[in-house]
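Have a look at the structure below, then the notes.
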Amino acid sequence: MPSRQEANESLKLRQKRLAKERQARFRKRQKIHHERIMEERRKKVAKERLAKERQARLIKRQNIKNNNYPSETQIPSGQEAYEPLDLRQKRLTKERKARSRKSNNNEREISDKLECIPRHDLGRIDQICVHCGAKFWMEEKNHSSNRTFPTFSICCAHGKVLLLPLTEPPSYLLNLYTSSESDAISFRKNIRRYNNVLACTSFGTNIDTFHGQGISNFRIHGQVYHRIGPLLPEEGHQPAFAQLYIYDSVHEIENRHNVMQELDEKILLNLLNMMDECNPYIQNFRHVRDLIQTNVPDEIFMVIYADRTQDLRRYNAPTASEVAAIMVGDGHELHTANRDILLKMRDGNLQRISEIHPSYDPLHYVLLFPRGDDGWHVDVPLIGSVN
Ligand SMILES: [Zn+2]
């Protein structure tokens with residue numbers, strides 16, 4: 001029974017609708033027909049490919065049977081398994097000989113080229129700056145000086161820069177440096193490891209791995225940099241470098257020994273006790289530890305000073321309060337001088353220490369600067385200079 005809508009439809013509209021439906025049905029039929037043709041074509045192509053492959057396999061099998069294998073240059077890689085053993089051995093010998101001829105030719109070419117390059121010899125490094133004692137090659141002399149009385153300026157600017165001698169190391173360390181006892185010998189053998197396990201900063205650079213024989217090499221390219229992390233490790237992370245002086249110090253020896261297991265625990269403990277007594281940086285880190293353990297402040301931070309202009313001539317090792325300060329707060333309100341190092345309690349970023357910061361050397365080479373003497377820095381005063 002026709003619906004009310006259809007009944008109301010005028011004849012014209014009805015015809016239009018029917019024509020539309022007819023067209024739709026026609027398009028659908030065409031689409032199905034097209035898909036069927038495409039499917040048949042796909043099947044045909046696949047069938048042809050399989051037939052070709054079958055044919056190729058057949059030809060190859062016949063060639064192998066007749067010992068009529070194509071020449072070696074035509075053997076596709078990975079298909080040598082089809083080659084008869086005697087032919088294969090012959091081919092490999094031929095190839096080996098060709099490779100050896102090629103490599104001999106290359107070597108000859110390189111050595112011919114090297115013979116053409118004149119050898120540059122700088123001679124012995126036997127020149128010494130009369131002011132500071134730095135060693136030089138003759139070729140490094142100032143252009144204005146002659147070879148009989150050469151002068152050099154890249155070391156101390158003609159004696160204007162006078163570095164004070166380092167303060168004497170504590171007697172325990174001096175003994176390890178100089179004694180012939182077995183402890184001291186073992187210490188000197190592992191001195192870099194002892195330093196690294198006690199250092200407050202990490203050492204970073206691009207290291208070139210050395211492959212080869214001969215004297216062991218430590219080869220780097222690009223710049224060397226020292227980095228320091230926040231006062232405490234991130235949650236779930238192990239403490240490292242300066243953090244080892246602050247965090248979990250009850251197990252400090254164990255924690256350090258875990259880093260370098262071949263070190264002697266007794267020497268390590270003695271070195272730590274010595275550092276606690278004489279190193280101003282480590283005394284500051286220990287102070288942070290004590291403050292955290294007694295829960296005095298919620299948040300503290302440490303500033304390691306860069307400015308040495310107030311202290312032009314110092315013959316004593318610096319004190320803890322001269323190198324750094326510990327303050328309450330998160331440090332955000334502090335406007336430090338450019339090169340001051342600001343260490344927050346927890347702030348995941350490692351910061352790079354400027355190589356012209358006076359603490360750059362003592363924070364890392366703790367066994368060379370046990371008393372925290374300043375390393376080279378831009379404020380090293382010039383003799384006879386007003387500033
Ligand atoms: Zn000099």
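Each chain of the structure tokens is named A, B, ... in the order shown, its residues numbered from 1; ligands are numbered from 1 in display order.
Once only C-alpha atoms and all ligand atoms are used for the distance check, the residues close to ligand 1 at 12 Å turn out to be Gln127, Ile128, Cys129, Val130, His131, Cys132, Gly133, Ala134, Lys135, Phe136, Lys141, Asn142, Pro150, Thr151, Phe152, Ser153, Ile154, Cys155, Cys156, Ala157, His158, Gly159, Lys160, Val161, Leu162 and Leu163 of chain A.
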Keeping only N, CA and C atoms, write those residues as a short mmCIF file (atom, residue, chain, number, x, y, z; two decimals), in the first residue's frame.
data_model
loop_
_atom_site.label_atom_id
_atom_site.label_comp_id
_atom_site.auth_asym_id
_atom_site.auth_seq_id
_atom_site.Cartn_x
_atom_site.Cartn_y
_atom_site.Cartn_z
N GLN A 127 113.63 24.55 25.23
CA GLN A 127 113.72 25.96 25.60
C GLN A 127 112.89 26.19 26.86
N ILE A 128 113.37 27.07 27.72
CA ILE A 128 112.68 27.28 29.00
C ILE A 128 112.47 28.77 29.24
N CYS A 129 111.24 29.15 29.62
CA CYS A 129 110.96 30.55 29.93
C CYS A 129 111.73 30.93 31.19
N VAL A 130 112.50 32.02 31.11
CA VAL A 130 113.34 32.39 32.26
C VAL A 130 112.50 32.87 33.44
N HIS A 131 111.24 33.25 33.17
CA HIS A 131 110.40 33.77 34.26
C HIS A 131 109.67 32.65 35.01
N CYS A 132 109.04 31.75 34.26
CA CYS A 132 108.17 30.77 34.93
C CYS A 132 108.62 29.32 34.76
N GLY A 133 109.60 29.11 33.89
CA GLY A 133 110.12 27.75 33.74
C GLY A 133 109.33 26.88 32.77
N ALA A 134 108.37 27.45 32.06
CA ALA A 134 107.60 26.65 31.09
C ALA A 134 108.52 26.18 29.96
N LYS A 135 108.23 24.99 29.45
CA LYS A 135 109.07 24.43 28.38
C LYS A 135 108.50 24.79 27.00
N PHE A 136 109.39 25.04 26.04
CA PHE A 136 108.95 25.43 24.69
C PHE A 136 109.82 24.79 23.62
N LYS A 141 109.10 30.74 19.90
CA LYS A 141 109.64 32.01 20.44
C LYS A 141 108.92 33.21 19.83
N ASN A 142 109.02 34.33 20.55
CA ASN A 142 108.44 35.56 20.01
C ASN A 142 109.17 35.93 18.72
N PRO A 150 116.20 33.64 22.87
CA PRO A 150 114.76 33.60 22.56
C PRO A 150 113.92 34.01 23.78
N THR A 151 112.82 34.70 23.51
CA THR A 151 111.88 35.01 24.60
C THR A 151 110.51 34.42 24.25
N PHE A 152 109.75 34.16 25.29
CA PHE A 152 108.43 33.53 25.11
C PHE A 152 107.40 34.31 25.92
N SER A 153 106.19 34.40 25.38
CA SER A 153 105.20 35.18 26.14
C SER A 153 103.87 34.46 26.35
N ILE A 154 103.64 33.34 25.68
CA ILE A 154 102.31 32.73 25.81
C ILE A 154 102.12 32.05 27.17
N CYS A 155 103.20 31.94 27.96
CA CYS A 155 103.04 31.27 29.27
C CYS A 155 102.66 32.29 30.34
N CYS A 156 103.52 33.29 30.58
CA CYS A 156 103.31 34.16 31.74
C CYS A 156 103.41 35.63 31.34
N ALA A 157 103.27 35.93 30.05
CA ALA A 157 103.35 37.31 29.56
C ALA A 157 104.62 38.00 30.11
N HIS A 158 105.76 37.41 29.83
CA HIS A 158 107.07 37.96 30.27
C HIS A 158 107.13 38.12 31.78
N GLY A 159 106.64 37.14 32.51
CA GLY A 159 106.76 37.18 33.97
C GLY A 159 105.71 38.03 34.67
N LYS A 160 104.74 38.52 33.91
CA LYS A 160 103.71 39.36 34.57
C LYS A 160 102.73 38.51 35.37
N VAL A 161 102.52 37.28 34.92
CA VAL A 161 101.62 36.40 35.68
C VAL A 161 102.48 35.53 36.60
N LEU A 162 102.28 35.71 37.88
CA LEU A 162 103.07 34.93 38.82
C LEU A 162 102.12 34.05 39.63
N LEU A 163 102.12 32.75 39.33
CA LEU A 163 101.26 31.84 40.09
C LEU A 163 101.97 31.46 41.37
#
- request: Within stretch 110-199 of chain A, find each residue whose DSSP state, derived from the backbone, is helix (DSSP H, G or I), and express the selection as a PyMOL selection string.
  value: chain A and resi 110-116+138-140+171-178+182-189+191-198
message: Using Å and a single decimal, report how far atom CA of A:Arg193 sits from atom CA of A:His287.
response: 25.6 Å
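For the pair atom CA of A:Ser171 and atom CA of A:Val250, the separation is 26.2 Å.
Picture a line from atom CA of A:Asn255 to atom CA of A:Cys200; it runs 14.5 Å.
Take the candidates A:Val197, A:Asn217, A:Ile326, A:Arg96 and check each one against A:Glu265 using only C-alpha atoms; the shortest distance goes to A:Val197.
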Neighbours of A:Tyr305 within 10 Å (only C-alpha atoms; same-chain residues fewer than 4 positions away dropped), as a CSV table (one decimal) with C-alpha atoms, in the first residue's frame?
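Generated output (around16.csv):
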chain,number,residue,atom,x,y,z
A,321,SER,CA,83.6,30.4,53.9
A,322,GLU,CA,85.9,32.0,51.3
A,323,VAL,CA,85.1,29.6,48.6
A,324,ALA,CA,81.3,29.0,49.1
A,325,ALA,CA,78.3,29.9,51.1
A,336,THR,CA,74.8,35.8,41.6
A,337,ALA,CA,77.7,37.2,39.6
A,338,ASN,CA,78.0,35.6,36.2
A,339,ARG,CA,80.4,32.8,36.9
A,340,ASP,CA,79.2,31.9,40.4
A,341,ILE,CA,78.0,28.3,40.6
A,342,LEU,CA,74.6,27.9,42.2
A,357,HIS,CA,86.3,29.7,37.3
A,358,PRO,CA,88.9,29.5,40.1
A,359,SER,CA,87.2,26.3,41.5
task: Could you give me, as a ChimeraX atom specification, the residues within 12 Å of A:Leu244, counting only C-alpha atoms and dropping anything in the same chain fewer than 6 positions from it?
output: /A:197-201,229-233,237-238,250-259,272,282,285-286,288-289
Could you write out that same residue set with C-alpha atoms as an mmCIF file, in the first residue's frame?
data_model
loop_
_atom_site.group_PDB
_atom_site.id
_atom_site.type_symbol
_atom_site.label_atom_id
_atom_site.label_comp_id
_atom_site.auth_asym_id
_atom_site.auth_seq_id
_atom_site.Cartn_x
_atom_site.Cartn_y
_atom_site.Cartn_z
ATOM 1 C CA VAL A 197 86.088 8.517 43.138
ATOM 2 C CA LEU A 198 86.665 11.576 45.337
ATOM 3 C CA ALA A 199 86.093 14.310 42.719
ATOM 4 C CA CYS A 200 83.208 16.749 43.186
ATOM 5 C CA THR A 201 82.636 17.252 39.454
ATOM 6 C CA GLY A 229 74.780 18.227 39.603
ATOM 7 C CA PRO A 230 72.398 19.420 42.328
ATOM 8 C CA LEU A 231 73.186 18.830 46.024
ATOM 9 C CA LEU A 232 70.985 15.722 46.197
ATOM 10 C CA PRO A 233 70.363 12.962 43.626
ATOM 11 C CA HIS A 237 69.014 7.662 41.456
ATOM 12 C CA GLN A 238 72.382 6.824 42.978
ATOM 13 C CA VAL A 250 76.550 6.387 56.552
ATOM 14 C CA HIS A 251 77.321 4.060 53.634
ATOM 15 C CA GLU A 252 79.759 6.437 51.989
ATOM 16 C CA ILE A 253 82.730 4.086 51.793
ATOM 17 C CA GLU A 254 80.504 1.333 50.367
ATOM 18 C CA ASN A 255 78.956 3.726 47.853
ATOM 19 C CA ARG A 256 82.367 4.912 46.691
ATOM 20 C CA HIS A 257 83.829 1.438 46.687
ATOM 21 C CA ASN A 258 80.924 0.322 44.467
ATOM 22 C CA VAL A 259 82.023 2.900 41.899
ATOM 23 C CA LEU A 272 88.244 10.896 53.033
ATOM 24 C CA ILE A 282 84.214 19.211 50.965
ATOM 25 C CA PHE A 285 79.310 19.742 51.300
ATOM 26 C CA ARG A 286 79.566 18.111 54.755
ATOM 27 C CA VAL A 288 75.000 20.714 53.805
ATOM 28 C CA ARG A 289 74.787 17.054 54.887
#
Test item: residues at most 10 Å from stretch 290-296 of chain A, only C-alpha atoms, excluding those fewer than 5 positions along its chain, as a count of residues only: 8
message: Quick check for you: according to DSSP on this backbone, which residues of stretch 188-366 of chain A are classed as strand (DSSP E)? Reply as a PyMOL selection string.
response: chain A and resi 202-208+219-228+300-304+324-328+341-343+351-353
message: Can you tell me which residues surround stretch 368-370 of chain A at a distance of at most 12 Å, considering only C-alpha atoms, apart from same-chain residues fewer than 4 positions away, and format the answer as a ChimeraX atom specification?
response: /A:165-174,177,191-192,194-196,198-200,271-283,317-318,358-364,374-376
